[in-house]
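Reproduced below: work_24.cif, with mmCIF, C-alpha atoms and all ligand atoms.
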data_input
#
loop_
_atom_site.label_atom_id
_atom_site.label_comp_id
_atom_site.auth_asym_id
_atom_site.auth_seq_id
_atom_site.Cartn_x
_atom_site.Cartn_y
_atom_site.Cartn_z
CA MET X 1 -14.55 20.27 9.44
CA LYS X 2 -14.98 17.72 6.63
CA ILE X 3 -12.34 16.30 4.31
CA ILE X 4 -12.55 13.86 1.42
CA SER X 5 -9.76 11.33 0.81
CA ILE X 6 -9.50 10.29 -2.81
CA ASN X 7 -7.75 7.37 -4.47
CA ALA X 8 -8.14 7.75 -8.24
CA GLY X 9 -7.27 4.83 -10.53
CA SER X 10 -7.36 4.81 -14.31
CA SER X 11 -11.00 3.67 -14.35
CA SER X 12 -12.00 4.03 -10.72
CA LEU X 13 -12.32 6.57 -7.94
CA LYS X 14 -12.48 5.57 -4.27
CA PHE X 15 -13.50 8.10 -1.66
CA SER X 16 -13.89 8.45 2.10
CA LEU X 17 -15.53 11.51 3.61
CA PHE X 18 -14.20 12.24 7.11
CA ASP X 19 -15.61 14.36 9.87
CA MET X 20 -12.31 15.60 11.25
CA ASP X 21 -13.79 16.52 14.63
CA ASP X 22 -13.91 12.86 15.60
CA LYS X 23 -11.79 11.51 12.69
CA LYS X 24 -14.64 9.19 11.66
CA VAL X 25 -15.75 8.21 8.16
CA ILE X 26 -19.22 9.62 7.42
CA ALA X 27 -19.48 8.10 3.96
CA SER X 28 -17.29 6.08 1.63
CA GLY X 29 -17.59 4.46 -1.73
CA LEU X 30 -16.29 3.54 -5.12
CA PHE X 31 -16.95 4.69 -8.68
CA GLU X 32 -16.08 1.87 -11.07
CA ARG X 33 -15.53 1.34 -14.78
CA ILE X 34 -15.18 5.06 -15.50
CA GLY X 35 -14.94 5.48 -19.27
CA ILE X 36 -15.95 1.83 -19.78
CA ASP X 37 -19.37 0.26 -20.43
CA GLY X 38 -21.28 -0.87 -17.36
CA SER X 39 -20.06 1.84 -14.99
CA SER X 40 -21.56 2.11 -11.53
CA TYR X 41 -21.03 3.56 -8.10
CA THR X 42 -21.43 2.40 -4.53
CA ILE X 43 -21.90 4.72 -1.56
CA LYS X 44 -21.90 3.55 2.06
CA TYR X 45 -23.29 5.81 4.76
CA ASN X 46 -25.24 5.45 8.00
CA GLY X 47 -25.02 1.67 7.83
CA GLU X 48 -26.66 1.69 4.39
CA LYS X 49 -25.15 0.84 1.04
CA ILE X 50 -26.47 1.98 -2.32
CA LYS X 51 -25.22 0.67 -5.63
CA THR X 52 -26.37 2.39 -8.81
CA GLU X 53 -25.52 2.06 -12.47
CA ALA X 54 -24.67 5.41 -14.05
CA GLU X 55 -22.96 6.72 -17.11
CA LEU X 56 -19.48 7.73 -16.03
CA ALA X 57 -17.64 8.87 -19.14
CA THR X 58 -14.96 10.75 -17.20
CA HIS X 59 -13.62 11.19 -13.68
CA THR X 60 -15.35 14.59 -13.66
CA ASP X 61 -18.71 12.82 -14.12
CA ALA X 62 -17.89 10.65 -11.12
CA VAL X 63 -16.95 13.64 -8.95
CA LYS X 64 -20.10 15.55 -9.97
CA ILE X 65 -22.33 12.60 -9.04
CA LEU X 66 -20.41 12.02 -5.83
CA LEU X 67 -20.91 15.61 -4.66
CA ASP X 68 -24.57 15.69 -5.75
CA LYS X 69 -25.22 12.48 -3.84
CA LEU X 70 -23.48 13.68 -0.68
CA VAL X 71 -25.96 16.56 -0.62
CA SER X 72 -29.11 14.77 -1.86
CA LEU X 73 -28.59 11.88 0.60
CA ASN X 74 -28.27 14.49 3.37
CA ILE X 75 -24.76 13.32 4.22
CA ILE X 76 -23.74 16.99 4.07
CA LYS X 77 -26.01 20.06 3.87
CA SER X 78 -24.04 21.83 1.16
CA LEU X 79 -20.73 21.60 -0.65
CA ASP X 80 -19.47 24.47 1.51
CA GLU X 81 -19.00 21.90 4.26
CA ILE X 82 -16.11 20.30 2.36
CA ASP X 83 -12.97 22.01 3.59
CA GLY X 84 -10.33 20.02 1.74
CA VAL X 85 -9.64 17.16 -0.63
CA GLY X 86 -6.68 14.83 -0.09
CA HIS X 87 -5.39 12.77 -3.00
CA ARG X 88 -3.40 9.58 -2.77
CA LEU X 89 -0.56 10.11 -5.23
CA VAL X 90 1.74 7.25 -6.14
CA HIS X 91 5.07 8.53 -7.41
CA GLY X 92 6.78 11.75 -6.37
CA LYS X 93 10.31 10.49 -7.14
CA ASP X 94 12.90 12.01 -4.82
CA LYS X 95 11.39 15.49 -5.12
CA TYR X 96 8.42 15.01 -2.78
CA LYS X 97 9.58 14.14 0.70
CA GLU X 98 6.26 14.90 2.37
CA SER X 99 2.66 15.73 1.59
CA CYS X 100 2.01 19.12 0.00
CA LEU X 101 -0.70 21.45 -1.27
CA ILE X 102 -1.48 20.59 -4.89
CA THR X 103 -0.35 23.32 -7.28
CA ASP X 104 0.15 23.34 -11.05
CA GLU X 105 3.78 22.39 -10.39
CA VAL X 106 2.68 19.20 -8.59
CA VAL X 107 0.39 18.25 -11.48
CA ASN X 108 3.17 18.90 -14.00
CA ASP X 109 5.56 16.77 -11.96
CA LEU X 110 3.07 13.90 -11.79
CA ILE X 111 2.91 14.00 -15.58
CA ALA X 112 6.69 14.33 -15.89
CA PHE X 113 7.19 11.29 -13.60
CA LYS X 114 4.68 9.14 -15.45
CA ASP X 115 7.29 6.66 -16.71
CA PHE X 116 7.94 5.74 -13.08
CA ALA X 117 4.26 4.84 -12.44
CA PRO X 118 2.57 4.53 -15.83
CA LEU X 119 -0.71 3.19 -14.47
CA HIS X 120 -1.00 5.40 -11.43
CA ASN X 121 0.38 8.91 -12.00
CA PRO X 122 -1.84 9.74 -15.03
CA ALA X 123 -4.87 8.41 -13.11
CA ASN X 124 -3.97 10.56 -10.10
CA VAL X 125 -3.89 13.60 -12.40
CA LEU X 126 -7.39 12.77 -13.69
CA GLY X 127 -8.67 12.73 -10.10
CA ILE X 128 -7.05 16.09 -9.32
CA GLN X 129 -8.37 17.70 -12.49
CA ALA X 130 -11.90 16.47 -11.82
CA PHE X 131 -11.99 18.06 -8.35
CA LYS X 132 -10.35 21.24 -9.64
CA GLU X 133 -13.16 21.56 -12.17
CA VAL X 134 -16.01 20.82 -9.78
CA LEU X 135 -14.71 22.35 -6.53
CA PRO X 136 -12.28 25.04 -7.79
CA ASP X 137 -12.02 26.91 -4.47
CA VAL X 138 -11.43 23.95 -2.18
CA PRO X 139 -7.75 23.34 -1.35
CA MET X 140 -6.27 20.00 -2.37
CA VAL X 141 -3.40 18.10 -0.80
CA GLY X 142 -1.23 15.39 -2.38
CA VAL X 143 -0.03 12.48 -0.25
CA PHE X 144 2.66 10.47 -2.02
CA ASP X 145 3.21 6.73 -1.53
CA THR X 146 6.92 7.28 -2.06
CA ALA X 147 7.36 10.23 0.33
CA PHE X 148 7.85 8.34 3.61
CA HIS X 149 10.80 6.42 2.15
CA GLN X 150 12.71 9.57 1.26
CA THR X 151 14.63 9.40 4.53
CA MET X 152 16.53 6.31 3.33
CA ASP X 153 20.25 6.96 2.98
CA GLU X 154 22.28 6.34 -0.17
CA GLU X 155 23.45 2.99 1.14
CA ALA X 156 19.82 1.85 1.21
CA TYR X 157 18.46 3.43 -1.95
CA LEU X 158 21.32 3.01 -4.44
CA TYR X 159 21.57 -0.13 -6.56
CA PRO X 160 25.04 -1.50 -7.28
CA VAL X 161 24.78 -0.60 -10.98
CA PRO X 162 26.58 2.10 -13.03
CA TYR X 163 26.16 5.28 -11.00
CA PHE X 164 25.13 7.28 -14.04
CA TRP X 165 21.92 5.16 -14.29
CA TYR X 166 20.95 6.86 -11.05
CA LYS X 167 22.17 10.30 -12.05
CA ALA X 168 20.84 10.29 -15.62
CA HIS X 169 17.77 8.07 -15.33
CA GLY X 170 16.71 8.10 -11.67
CA VAL X 171 17.41 4.37 -11.17
CA ARG X 172 17.23 3.91 -7.38
CA LYS X 173 15.00 2.39 -4.74
CA TYR X 174 11.90 4.55 -4.17
CA GLY X 175 9.70 2.27 -2.06
CA PHE X 176 5.89 2.20 -1.91
CA HIS X 177 3.05 1.80 0.64
CA GLY X 178 4.69 4.75 2.41
CA THR X 179 1.41 6.19 3.68
CA SER X 180 0.51 2.85 5.25
CA HIS X 181 3.93 2.35 6.87
CA ARG X 182 3.78 5.92 8.22
CA TYR X 183 0.33 5.26 9.66
CA ILE X 184 1.60 2.06 11.33
CA ALA X 185 4.61 3.88 12.81
CA LYS X 186 2.40 6.69 14.11
CA THR X 187 -0.23 4.34 15.57
CA ILE X 188 2.13 1.95 17.33
CA SER X 189 4.23 4.86 18.66
CA GLU X 190 1.09 6.48 20.09
CA LYS X 191 -0.19 3.20 21.57
CA LEU X 192 3.15 2.39 23.19
CA GLY X 193 3.78 6.01 24.16
CA ARG X 194 7.23 6.17 22.55
CA ASN X 195 8.66 8.09 19.61
CA ASP X 196 12.03 6.36 19.56
CA LEU X 197 10.90 2.89 18.51
CA LYS X 198 12.72 0.59 16.13
CA ILE X 199 9.81 -0.82 14.16
CA ILE X 200 9.61 -3.51 11.49
CA SER X 201 6.38 -2.76 9.65
CA CYS X 202 5.02 -5.62 7.50
CA HIS X 203 2.34 -4.42 5.05
CA VAL X 204 1.33 -7.72 3.47
CA GLY X 205 -1.73 -7.69 1.24
CA ASN X 206 -2.00 -8.68 -2.38
CA GLY X 207 1.03 -6.43 -2.82
CA GLY X 208 3.39 -6.29 0.12
CA SER X 209 6.39 -4.51 1.56
CA ILE X 210 8.43 -4.62 4.74
CA THR X 211 9.89 -1.39 6.13
CA ALA X 212 12.50 -0.72 8.79
CA ILE X 213 11.60 2.39 10.80
CA LYS X 214 13.69 4.21 13.41
CA ASP X 215 12.46 7.24 15.39
CA GLY X 216 9.46 7.48 13.03
CA LYS X 217 11.61 7.56 9.89
CA CYS X 218 12.08 4.97 7.17
CA VAL X 219 15.57 3.45 7.15
CA ASP X 220 14.99 0.84 4.43
CA THR X 221 12.11 -0.82 2.60
CA SER X 222 11.69 -3.95 0.52
CA MET X 223 10.04 -2.56 -2.61
CA GLY X 224 12.39 -0.88 -5.03
CA PHE X 225 12.48 1.08 -8.25
CA THR X 226 9.00 -0.37 -8.81
CA PRO X 227 6.57 -2.35 -6.60
CA LEU X 228 7.84 -5.57 -8.20
CA ALA X 229 10.79 -5.89 -5.83
CA GLY X 230 11.03 -7.28 -2.30
CA ILE X 231 8.95 -10.07 -0.76
CA MET X 232 6.97 -12.58 -2.80
CA MET X 233 3.39 -11.30 -3.31
CA GLY X 234 -0.02 -12.46 -4.59
CA THR X 235 0.95 -12.32 -8.26
CA ARG X 236 4.34 -10.54 -8.13
CA SER X 237 7.60 -12.42 -7.85
CA GLY X 238 9.41 -10.00 -5.56
CA ASP X 239 13.22 -10.18 -5.82
CA VAL X 240 14.59 -12.49 -8.54
CA ASP X 241 17.90 -12.79 -10.36
CA PRO X 242 17.51 -10.40 -13.33
CA SER X 243 19.32 -12.85 -15.65
CA ILE X 244 16.17 -14.99 -15.54
CA ILE X 245 14.53 -12.36 -17.76
CA THR X 246 16.84 -12.77 -20.76
CA TYR X 247 17.03 -16.54 -20.26
CA ILE X 248 13.23 -16.95 -20.33
CA MET X 249 12.96 -14.53 -23.26
CA GLU X 250 15.14 -16.93 -25.26
CA GLN X 251 13.57 -20.14 -23.97
CA GLU X 252 9.94 -19.05 -24.38
CA GLY X 253 10.29 -16.63 -27.31
CA LEU X 254 9.00 -13.68 -25.30
CA ASN X 255 10.07 -10.06 -25.24
CA ALA X 256 11.26 -8.25 -22.12
CA LYS X 257 7.94 -6.54 -21.52
CA GLU X 258 6.10 -9.87 -21.65
CA VAL X 259 8.45 -11.45 -19.12
CA ILE X 260 8.12 -8.47 -16.76
CA ASP X 261 4.36 -8.77 -17.15
CA ILE X 262 4.55 -12.41 -16.04
CA LEU X 263 6.71 -11.40 -13.07
CA ASN X 264 4.05 -8.84 -12.13
CA LYS X 265 0.83 -10.71 -12.86
CA LYS X 266 1.45 -14.45 -13.00
CA SER X 267 4.12 -15.09 -10.41
CA GLY X 268 4.16 -14.99 -6.62
CA LEU X 269 1.59 -17.17 -4.84
CA LEU X 270 -0.32 -17.67 -8.08
CA GLY X 271 2.72 -18.66 -10.12
CA LEU X 272 4.27 -21.00 -7.60
CA SER X 273 1.06 -22.69 -6.41
CA GLU X 274 -0.71 -22.78 -9.79
CA ILE X 275 -3.82 -22.49 -7.61
CA SER X 276 -4.56 -18.90 -6.60
CA SER X 277 -3.10 -15.53 -5.69
CA ASP X 278 -5.24 -15.44 -2.56
CA MET X 279 -3.74 -16.79 0.65
CA ARG X 280 -7.14 -18.06 1.83
CA ASP X 281 -7.25 -20.49 -1.12
CA ILE X 282 -3.65 -21.55 -0.50
CA VAL X 283 -4.23 -22.21 3.19
CA SER X 284 -7.33 -24.31 2.52
CA ALA X 285 -5.58 -26.25 -0.29
CA MET X 286 -2.70 -27.02 2.10
CA GLU X 287 -5.04 -29.19 4.12
CA SER X 288 -5.29 -31.86 1.40
CA ASP X 289 -2.70 -34.64 1.06
CA ASP X 290 -2.72 -34.66 -2.73
CA GLU X 291 -0.78 -32.73 -5.38
CA GLN X 292 -2.85 -29.58 -4.73
CA GLY X 293 -1.73 -29.70 -1.13
CA GLU X 294 1.92 -30.00 -2.16
CA LYS X 295 1.62 -27.07 -4.56
CA ALA X 296 -0.02 -24.93 -1.91
CA LYS X 297 2.62 -25.82 0.70
CA ARG X 298 5.55 -24.90 -1.51
CA ALA X 299 3.97 -21.49 -2.27
CA PHE X 300 3.16 -20.89 1.41
CA LEU X 301 6.67 -21.84 2.55
CA LYS X 302 8.39 -19.65 -0.05
CA TYR X 303 6.08 -16.74 0.71
CA THR X 304 6.66 -16.86 4.46
CA ARG X 305 10.40 -17.41 3.91
CA THR X 306 10.75 -14.20 1.91
CA VAL X 307 8.87 -12.20 4.55
CA THR X 308 11.04 -13.74 7.30
CA ASN X 309 14.21 -12.89 5.36
CA TYR X 310 13.33 -9.19 5.18
CA ILE X 311 12.35 -9.03 8.85
CA ALA X 312 15.66 -10.68 9.79
CA GLN X 313 17.59 -8.32 7.53
CA TYR X 314 15.94 -5.27 9.07
CA TYR X 315 16.42 -6.60 12.60
CA VAL X 316 20.16 -6.55 11.91
CA LEU X 317 20.01 -3.18 10.15
CA LEU X 318 18.16 -1.58 13.07
CA GLY X 319 20.41 -3.29 15.62
CA LYS X 320 17.25 -4.82 17.17
CA ALA X 321 13.49 -4.40 16.89
CA ASP X 322 11.28 -2.93 19.60
CA VAL X 323 8.18 -4.12 17.78
CA ILE X 324 7.08 -6.04 14.68
CA CYS X 325 3.75 -4.93 13.18
CA PHE X 326 1.57 -6.82 10.71
CA THR X 327 -0.95 -4.98 8.54
CA ALA X 328 -3.02 -5.13 5.28
CA GLY X 329 -5.09 -8.08 3.99
CA LEU X 330 -2.84 -10.92 5.11
CA GLY X 331 -1.08 -9.14 7.93
CA GLU X 332 -4.39 -8.22 9.55
CA ASN X 333 -6.29 -11.42 8.86
CA SER X 334 -4.17 -14.48 8.19
CA GLU X 335 -3.48 -16.47 11.34
CA PRO X 336 -1.41 -19.21 9.60
CA PHE X 337 0.71 -16.64 7.73
CA ARG X 338 1.63 -14.76 10.93
CA LYS X 339 2.17 -18.02 12.81
CA LYS X 340 4.66 -19.36 10.27
CA VAL X 341 6.61 -16.10 9.99
CA CYS X 342 6.87 -15.83 13.79
CA GLU X 343 7.94 -19.50 14.06
CA ASN X 344 10.68 -18.74 11.54
CA LEU X 345 11.79 -15.90 13.83
CA SER X 346 11.88 -18.06 16.97
CA CYS X 347 15.70 -17.98 17.12
CA LEU X 348 15.34 -14.25 17.88
CA GLY X 349 13.08 -15.14 20.80
CA VAL X 350 9.81 -14.23 19.06
CA LYS X 351 6.89 -16.14 20.62
CA LEU X 352 3.27 -15.90 19.57
CA ASP X 353 0.23 -16.11 21.81
CA SER X 354 -1.76 -18.54 19.66
CA GLU X 355 -5.10 -17.43 21.08
CA ALA X 356 -4.35 -13.73 20.42
CA ASN X 357 -3.10 -14.61 16.93
CA LYS X 358 -6.65 -15.53 15.92
CA VAL X 359 -7.43 -11.81 15.71
CA MET X 360 -8.73 -10.42 12.41
CA GLY X 361 -8.69 -6.74 11.47
CA GLU X 362 -8.22 -5.34 14.97
CA PHE X 363 -5.38 -3.72 16.86
CA LYS X 364 -3.94 -6.41 19.13
CA LYS X 365 -0.71 -7.67 20.64
CA ILE X 366 -0.32 -11.21 19.33
CA SER X 367 2.99 -12.18 20.98
CA SER X 368 3.22 -13.78 24.40
CA ASP X 369 4.52 -11.77 27.34
CA ASP X 370 7.87 -13.60 27.27
CA SER X 371 8.48 -12.85 23.56
CA THR X 372 11.74 -10.86 23.16
CA ILE X 373 10.06 -8.74 20.50
CA PRO X 374 6.41 -7.72 20.89
CA VAL X 375 4.36 -8.46 17.77
CA TYR X 376 1.19 -6.51 16.98
CA VAL X 377 -1.58 -6.53 14.41
CA VAL X 378 -2.20 -2.88 13.47
CA PRO X 379 -4.99 -2.33 10.92
CA THR X 380 -3.82 0.23 8.40
CA ASP X 381 -5.83 3.32 7.45
CA GLU X 382 -4.28 5.14 4.52
CA GLU X 383 -7.45 7.17 3.96
CA LEU X 384 -7.31 8.61 7.47
CA MET X 385 -3.61 9.40 7.06
CA ILE X 386 -4.45 11.31 3.85
CA ALA X 387 -7.24 13.20 5.63
CA LEU X 388 -4.94 14.06 8.56
CA ASP X 389 -2.24 15.38 6.23
CA THR X 390 -4.87 17.40 4.37
CA LEU X 391 -6.19 18.88 7.60
CA LYS X 392 -2.67 19.86 8.68
CA LEU X 393 -1.79 21.51 5.38
CA ILE X 394 -5.02 23.46 4.92
CA SER X 395 -5.24 24.64 8.53
P1 LIG M 1 -4.15 -4.92 -1.81
O1 LIG M 1 -2.67 -5.11 -1.74
O2 LIG M 1 -4.70 -5.19 -3.17
O3 LIG M 1 -4.64 -3.65 -1.15
P2 LIG M 1 -5.29 -6.26 0.49
O4 LIG M 1 -4.48 -5.56 1.51
O5 LIG M 1 -6.76 -6.04 0.50
O6 LIG M 1 -4.74 -6.11 -0.97
O7 LIG M 1 -5.03 -7.82 0.69
C1 LIG M 1 -5.66 -8.79 -0.09
C2 LIG M 1 -5.11 -10.15 0.28
O8 LIG M 1 -5.23 -10.34 1.68
C3 LIG M 1 -5.88 -11.29 -0.36
O9 LIG M 1 -5.34 -11.64 -1.58
C4 LIG M 1 -5.74 -12.39 0.65
O10 LIG M 1 -4.62 -13.18 0.31
C5 LIG M 1 -5.47 -11.71 1.95
N1 LIG M 1 -6.60 -11.83 2.87
C6 LIG M 1 -7.66 -11.02 3.00
N2 LIG M 1 -8.51 -11.47 3.95
C7 LIG M 1 -7.96 -12.60 4.42
C8 LIG M 1 -8.33 -13.56 5.41
N3 LIG M 1 -9.47 -13.45 6.07
N4 LIG M 1 -7.50 -14.60 5.62
C9 LIG M 1 -6.38 -14.71 4.94
N5 LIG M 1 -5.96 -13.87 4.00
C10 LIG M 1 -6.73 -12.84 3.74
#

As structure tokens - that is how I would like this structure written.
Ligand code: ADP
Amino acid sequence: MKIISINAGSSSLKFSLFDMDDKKVIASGLFERIGIDGSSYTIKYNGEKIKTEAELATHTDAVKILLDKLVSLNIIKSLDEIDGVGHRLVHGKDKYKESCLITDEVVNDLIAFKDFAPLHNPANVLGIQAFKEVLPDVPMVGVFDTAFHQTMDEEAYLYPVPYFWYKAHGVRKYGFHGTSHRYIAKTISEKLGRNDLKIISCHVGNGGSITAIKDGKCVDTSMGFTPLAGIMMGTRSGDVDPSIITYIMEQEGLNAKEVIDILNKKSGLLGLSEISSDMRDIVSAMESDDEQGEKAKRAFLKYTRTVTNYIAQYYVLLGKADVICFTAGLGENSEPFRKKVCENLSCLGVKLDSEANKVMGEFKKISSDDSTIPVYVVPTDEELMIALDTLKLIS
């Protein structure tokens, strides 16, 4: 049984083809600059990687080439081998509480919810339409980023603003990275052999969110109405006082959209350090004793402080934590980031094993045996989660 996981962006399409018998990726790749000059695609299979320039006017062109290549490169014998297509979908509002078979209603809802994810929902629709055109008889499944967070209660998801904003306009916390947090909860529960864990899942990449999970269900999460809220990120501010927006509009002669754009694209690590949005650059700049070093340190300290604050908040919310998990770019790879956050949590009895904390991109316990809370690195795999949901729904 073979399933393709798809992540369609406005000008890109990422895929992973899984053999569901052993849950392994047979081929993966990326179609880039769709509808833009200089488009190309990369396919990885059998330890090889091919990159080719090709005219990709639409997502349908990309899907046609993808399927042709899977056959011509002998990755599959014929298209009949593809049993299902799973799509990463970003925003299902509070209607989609779990993954579902994609019907016309789902497509119409993605379009109707486009104001909630203007970059992502329309792109997701393009991906769905392309597969519908090229593989009309193959079932498709939608896996929403927001779905896992639908178990939050009112106390978690409401903002303290006029209630009618929620009722009339859907203003509430939705949360994102749900597929990743769900994968982390599933993986750590399986590894530890328990379904009743209180988990603090830290997905920290360029974007990042912290989620409190109890008995496999989301209790609260740091991202909000949009992915701008929560912890400080690569270029996003995370939580700030909203009055800053009108104040800076007046001081700098900007409009609201421009200020929000700065909060999304020029803040976070990049904004505070004035060096880079990438933690690797920040960590190496911290080593120097000059002004660059100072800039890097202040960004690093604020970043790790905001992550610590959410972990501490969720520790209290959950009543305790059975396990803290780190995942995504920084969570999986950045030794100094994890070290600082765990040092900040030392009053809770968290202790790292500094040798184990050198791990990069592998499942590993990184806390010492006398740590009150075990801390793990758990590499995320959203593509596999999408394929597993697809398998379940088409079976
Ligand atoms: P996205 O949120 O875009 O999916 P990723 O999860 O790939 O991002 O994370 C990207 C970030 O992870 C980079 O900006 C970088 O800060 C961090 N990162 C990746 N690899 C390393 C590494 N080896 N050491 C430290 N940080 C890393």

Can you work out which residues are within 7 Å of ligand LIG 1 (chain M), considering all atoms listed in the file, and then hand them over as an mmCIF file with C-alpha atoms, keeping the file's coordinate frame?
data_model
loop_
_atom_site.group_PDB
_atom_site.id
_atom_site.type_symbol
_atom_site.label_atom_id
_atom_site.label_comp_id
_atom_site.auth_asym_id
_atom_site.auth_seq_id
_atom_site.Cartn_x
_atom_site.Cartn_y
_atom_site.Cartn_z
ATOM 1 C CA VAL X 204 1.330 -7.720 3.470
ATOM 2 C CA GLY X 205 -1.730 -7.690 1.240
ATOM 3 C CA ASN X 206 -2.000 -8.680 -2.380
ATOM 4 C CA GLY X 207 1.030 -6.430 -2.820
ATOM 5 C CA GLY X 208 3.390 -6.290 0.120
ATOM 6 C CA GLY X 234 -0.020 -12.460 -4.590
ATOM 7 C CA SER X 277 -3.100 -15.530 -5.690
ATOM 8 C CA ASP X 278 -5.240 -15.440 -2.560
ATOM 9 C CA MET X 279 -3.740 -16.790 0.650
ATOM 10 C CA ARG X 280 -7.140 -18.060 1.830
ATOM 11 C CA ALA X 328 -3.020 -5.130 5.280
ATOM 12 C CA GLY X 329 -5.090 -8.080 3.990
ATOM 13 C CA LEU X 330 -2.840 -10.920 5.110
ATOM 14 C CA ASN X 333 -6.290 -11.420 8.860
ATOM 15 C CA SER X 334 -4.170 -14.480 8.190
#

query: Within 10 Å of Phe225 in chain X, counting only C-alpha atoms, which residues qualify if same-chain residues fewer than 2 places away don't, as a list in words?
result: Lys93, Phe116, Ala117, Tyr157, Leu158, Tyr159, Gly170, Val171, Arg172, Lys173, Tyr174, Gly175, Phe176, Met223, Pro227, Leu228 and Ala229 of chain X

Build an axis-aligned box that encloses every atom of range 39-43 of chain X listed in the file, pad it by 5 Å on each side, and report its centre and edge lengths in Å to one decimal, as AutoDock Vina command-line options.
--center_x -21.0 --center_y 3.3 --center_z -8.3 --size_x 11.8 --size_y 12.9 --size_z 23.4

- prompt: If we count only C-alpha atoms, what is near range 123-134 of chain X at a cut-off of 6 Å, once residues fewer than 5 positions away on the same chain are taken out, given as a ChimeraX atom specification?
  reply: /X:8-10,59-60,89

field: One-decimal distance in Å that lies between CA of Ile210 in chain X and CA of Glu155 in chain X
entry: 17.2 Å

field: Answer as a count of residues only, residues within 8 Å of (3.9, -0.8, 3.0) using only C-alpha atoms
entry: 14

task: Return the single residue from X:Arg236, X:Lys95, X:Lys265, X:Lys217 that is closest to Ser189 in chain X, with distances computed using only C-alpha atoms.
output: X:Lys217

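Relative to CA of Tyr314 in chain X, CA of Glu343 in chain X is found at 17.1 Å.
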
- prompt: So how many Å separate CA of Asp94 in chain X and CA of Phe18 in chain X, to one decimal?
  reply: 29.6 Å

field: Protein and nucleic acid residues near (5.4, -11.8, -10.0) (cut-off 10 Å, only C-alpha atoms) as JSON, numbers by chain
entry: {"X": [207, 228, 229, 232, 233, 234, 235, 236, 237, 238, 239, 240, 259, 260, 261, 262, 263, 264, 265, 266, 267, 268, 269, 270, 271, 272]}

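Using only C-alpha atoms for every distance, the candidate list X:Arg33, X:Lys358, X:Lys214, X:His91 yields X:Lys214 as the residue closest to Ile200 in chain X.
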
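Nearest-residue note for Phe148 in chain X: choosing from X:Asp115, X:Glu362, X:Glu98, X:Asp196, the minimum distance belongs to X:Glu98, counting all atoms listed in the file.
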
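When only C-alpha atoms are used to measure the gap to Met152 in chain X, the shortest distance among X:Asp80, X:Glu335, X:Asp220, X:Asp215 belongs to X:Asp220.
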
task: Pick out the residues sitting within 12 Å of Ile65 in chain X, and hand them over as a VMD selection string; count only C-alpha atoms, and ignore anything fewer than 4 positions along from it in its own chain.
output: chain X and resid 13 29 to 31 40 to 43 52 to 61 69 to 73 130 to 131 134

- request: Find the spatial neighbours of Lys351 in chain X, counting only C-alpha atoms, within a cut-off of 9 Å - ignore same-chain residues fewer than 2 positions away - and output them as a ChimeraX atom specification.
  value: /X:342-343,345-346,349,353,366-375

Contacts of Ala112 in chain X at 10 Å (only C-alpha atoms; same-chain gap of 3+ positions) as a PyMOL selection string: chain X and resi 92+106-109+115-116+121-122

Will you model N, CA, C and O atoms for range 299-306 of chain X and pass it back as a PDB file, in the coordinates of the input?
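Result file out25.pdb:
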ATOM      1  N   ALA X 299       4.188 -22.939  -2.107  1.00  0.00           N
ATOM      2  CA  ALA X 299       3.970 -21.490  -2.270  1.00  0.00           C
ATOM      3  C   ALA X 299       3.936 -20.811  -0.905  1.00  0.00           C
ATOM      4  O   ALA X 299       4.538 -19.751  -0.708  1.00  0.00           O
ATOM      5  N   PHE X 300       3.267 -21.446   0.058  1.00  0.00           N
ATOM      6  CA  PHE X 300       3.160 -20.890   1.410  1.00  0.00           C
ATOM      7  C   PHE X 300       4.541 -20.771   2.058  1.00  0.00           C
ATOM      8  O   PHE X 300       4.877 -19.746   2.666  1.00  0.00           O
ATOM      9  N   LEU X 301       5.341 -21.834   1.905  1.00  0.00           N
ATOM     10  CA  LEU X 301       6.670 -21.840   2.550  1.00  0.00           C
ATOM     11  C   LEU X 301       7.582 -20.792   1.926  1.00  0.00           C
ATOM     12  O   LEU X 301       8.321 -20.093   2.620  1.00  0.00           O
ATOM     13  N   LYS X 302       7.535 -20.657   0.596  1.00  0.00           N
ATOM     14  CA  LYS X 302       8.390 -19.650  -0.050  1.00  0.00           C
ATOM     15  C   LYS X 302       7.944 -18.246   0.351  1.00  0.00           C
ATOM     16  O   LYS X 302       8.760 -17.368   0.634  1.00  0.00           O
ATOM     17  N   TYR X 303       6.639 -18.060   0.369  1.00  0.00           N
ATOM     18  CA  TYR X 303       6.080 -16.740   0.710  1.00  0.00           C
ATOM     19  C   TYR X 303       6.537 -16.316   2.106  1.00  0.00           C
ATOM     20  O   TYR X 303       7.105 -15.234   2.306  1.00  0.00           O
ATOM     21  N   THR X 304       6.321 -17.214   3.078  1.00  0.00           N
ATOM     22  CA  THR X 304       6.660 -16.860   4.460  1.00  0.00           C
ATOM     23  C   THR X 304       8.177 -16.744   4.627  1.00  0.00           C
ATOM     24  O   THR X 304       8.653 -15.940   5.422  1.00  0.00           O
ATOM     25  N   ARG X 305       8.938 -17.515   3.835  1.00  0.00           N
ATOM     26  CA  ARG X 305      10.400 -17.410   3.910  1.00  0.00           C
ATOM     27  C   ARG X 305      10.857 -16.017   3.483  1.00  0.00           C
ATOM     28  O   ARG X 305      11.717 -15.408   4.112  1.00  0.00           O
ATOM     29  N   THR X 306      10.271 -15.505   2.396  1.00  0.00           N
ATOM     30  CA  THR X 306      10.750 -14.200   1.910  1.00  0.00           C
ATOM     31  C   THR X 306      10.401 -13.081   2.904  1.00  0.00           C
ATOM     32  O   THR X 306      11.175 -12.155   3.097  1.00  0.00           O
TER      33      THR X 306
END
